[in-house]
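See below for the structure under consideration.
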Amino acid sequence: MTCAQDERAALVETFRSVGPDAPTLCEGWTTRDLLAHLVVRERRPDTGPGILIKQFAGHTEKVRRAAAEKDWDELLGQLADGPPLYSPFKLVDKWVNLAEMYVHHEDVLRGGADPDGPWVPRKLSDRLQAELKTSVRSVGKMALKKTPATVTLRTDAGEDLLTAGEGPPVTITGTPGELVLFAFGRDPVDLQFAGDPDAVAAVRGSDRGL
């Protein structure tokens with residue numbers, strides 16, 4: 001199995017364990033809302049533009065809300081099955097869906113976490129961490145290009161994966177998994193920030209994600 005398939009299976013099991021009404025890191029969404037998003041994303045290609053383009057967001061949200069009314073176990077089965085044959089994600093699942101499944105899995109796992117309280121992330125396999133480096137580079141390049149600092153994303157092994165943005169230098173160090181979450185605008189994350197305190201504060205408070 002690919003890492004994307006492994007994360008999909010793990011996410012489905014986490015959904016099952018927490019149920020449809022658990023909190024997530026996606027503002028205003030319960031696990032039911034998030035599951036509906038994932039199913040619609042793969043099974044309704046007509047909603048794709050609305051994920052990134054504001055003018056089409058209304059249609060995407062209407063379809064997602066309708067999907068959220070469906071049976072919980074039915075939605076879980078559809079997510080577990082993966083992209084159907086007609087889905088544009090079918091042939092590129094292992095590349096396109098790795099970050100999607102990983103980040104949304106963490107959205108559920110960290111949904112009830114206090115960003116200012118004691119908190120420990122799950123331990124990821126070396127294989128998953130290695131594959132997430134590609135996601136750091138691809139997502140980070142877009143997500144951090146407008147940050148008010150020159151941000152370097154560095155692994156805890158000392159490998160620089162990406163430098164983006166303009167302004168005073170800020171280095172963010174951690175595992176590839178935590179760096180991906182930061183690029184997607186998630187919090188809490190287990191990372192170390194180095195640089196001018198004002199620049200670090202600006203980066204941490206910046207609007208990130210796709």
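Each chain of the structure tokens is named A, B, ... in the order shown, its residues numbered from 1; ligands are numbered from 1 in display order.
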
Those in chain A with strand (DSSP E or B) from DSSP, as a tab-separated table (two decimals) with C-alpha atoms, in the first residue's frame:
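Just written: part.tsv:
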```
chain	number	residue	atom	x	y	z
A	23	PRO	CA	-14.45	18.66	16.82
A	30	THR	CA	-17.38	18.56	12.97
A	150	THR	CA	12.02	34.92	4.41
A	151	VAL	CA	10.98	31.58	5.86
A	152	THR	CA	13.14	28.46	5.71
A	153	LEU	CA	11.49	25.14	6.51
A	154	ARG	CA	14.12	22.81	7.96
A	155	THR	CA	13.77	19.22	9.10
A	160	ASP	CA	16.40	22.63	4.30
A	161	LEU	CA	13.30	21.77	2.29
A	162	LEU	CA	12.12	25.21	1.21
A	163	THR	CA	12.72	28.93	1.47
A	164	ALA	CA	9.85	31.30	0.66
A	169	PRO	CA	14.94	35.52	8.02
A	170	VAL	CA	12.93	33.05	10.08
A	171	THR	CA	13.83	29.37	10.33
A	172	ILE	CA	11.18	26.82	11.28
A	173	THR	CA	12.47	23.41	12.33
A	174	GLY	CA	10.63	20.15	12.88
A	192	GLN	CA	10.86	25.44	16.76
A	193	PHE	CA	11.03	29.01	15.46
A	194	ALA	CA	14.27	31.00	15.18
A	195	GLY	CA	14.68	34.61	14.13
```

Where does stretch 85-200 of chain A meet stretch 42-58 of chain A within 9 Å, residue by residue, with the nearest atom pair and distance in Å to one decimal for each, counting only C-alpha atoms, listed by chain and rising number, as a tab-separated table?
```
residue	atom	partner	partner_atom	distance
A:Tyr86	CA	A:Arg43	CA	8.1
A:Ser87	CA	A:Glu42	CA	6.0
A:Pro88	CA	A:Pro45	CA	7.4
A:Phe89	CA	A:Glu42	CA	6.5
A:Lys90	CA	A:Glu42	CA	8.5
```

Residues of chain A in alpha helix (DSSP H) according to DSSP, as a ChimeraX atom specification?
-> /A:3-18,31-43,48-52,57-68,72-81,93-109,126-143,176-183,197-204

Expressed in Å to a single decimal, how great is the separation between atom CA of A:Gly209 and atom CA of A:Ser17?
->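 Separating atom CA of A:Gly209 from atom CA of A:Ser17 is a distance of 27.7 Å.
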
Nearest to A:Thr60 by atom-to-atom distance, counting only C-alpha atoms, from A:Leu124, A:Leu75, A:Ala36, A:Cys3 | A:Ala36

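Atom pair atom CA of A:Asp107 / atom CA of A:Cys26 has a distance of 6.7 Å (rounded to one decimal).
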
Can you tell me how far atom CA of A:Tyr102 sits from atom CA of A:Ala68, in Å to one decimal?
->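 Distance between the two atoms: 20.9 Å.
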
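Taking only C-alpha atoms into account, A:Phe184 lies nearest to A:Glu100 out of the set A:Glu131, A:Asp198, A:Asp126, A:Glu100.
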
Contacts of A:Gly77 at 12 Å (only C-alpha atoms; same-chain gap of 6+ positions) as JSON, numbers by chain = {"A": [8, 9, 11, 12, 13, 15, 16, 35, 36, 38, 39, 70, 71, 83]}

Stretch 103-105 of chain A surroundings by only C-alpha atoms, 8 Å radius, close-in-sequence under 2 positions cut, as a ChimeraX atom specification = /A:7,10-11,14,34,99-101,107-109,180-181,184

Extract, using only C-alpha atoms, all DNA, RNA and protein residues at most 8 Å from A:Trp95, discarding same-chain residues fewer than 3 positions from it, and format them as a ChimeraX atom specification.
-> /A:4,92,98

Save the residues we just selected, C-alpha atoms, as a CSV table (one decimal), in the first residue's frame?
```csv
chain,number,residue,atom,x,y,z
A,4,ALA,CA,-1.7,7.8,1.0
A,92,VAL,CA,-2.8,10.4,-9.0
A,98,LEU,CA,-1.0,12.0,0.7
```

For each of A:Glu69, A:Lys94, A:Ala149, A:Asp156, take the minimum atom-to-atom distance to A:Gly82, counting only C-alpha atoms, then give the residue where this is smallest.
->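 Answer, going by the shortest atom-to-atom distance: A:Lys94.
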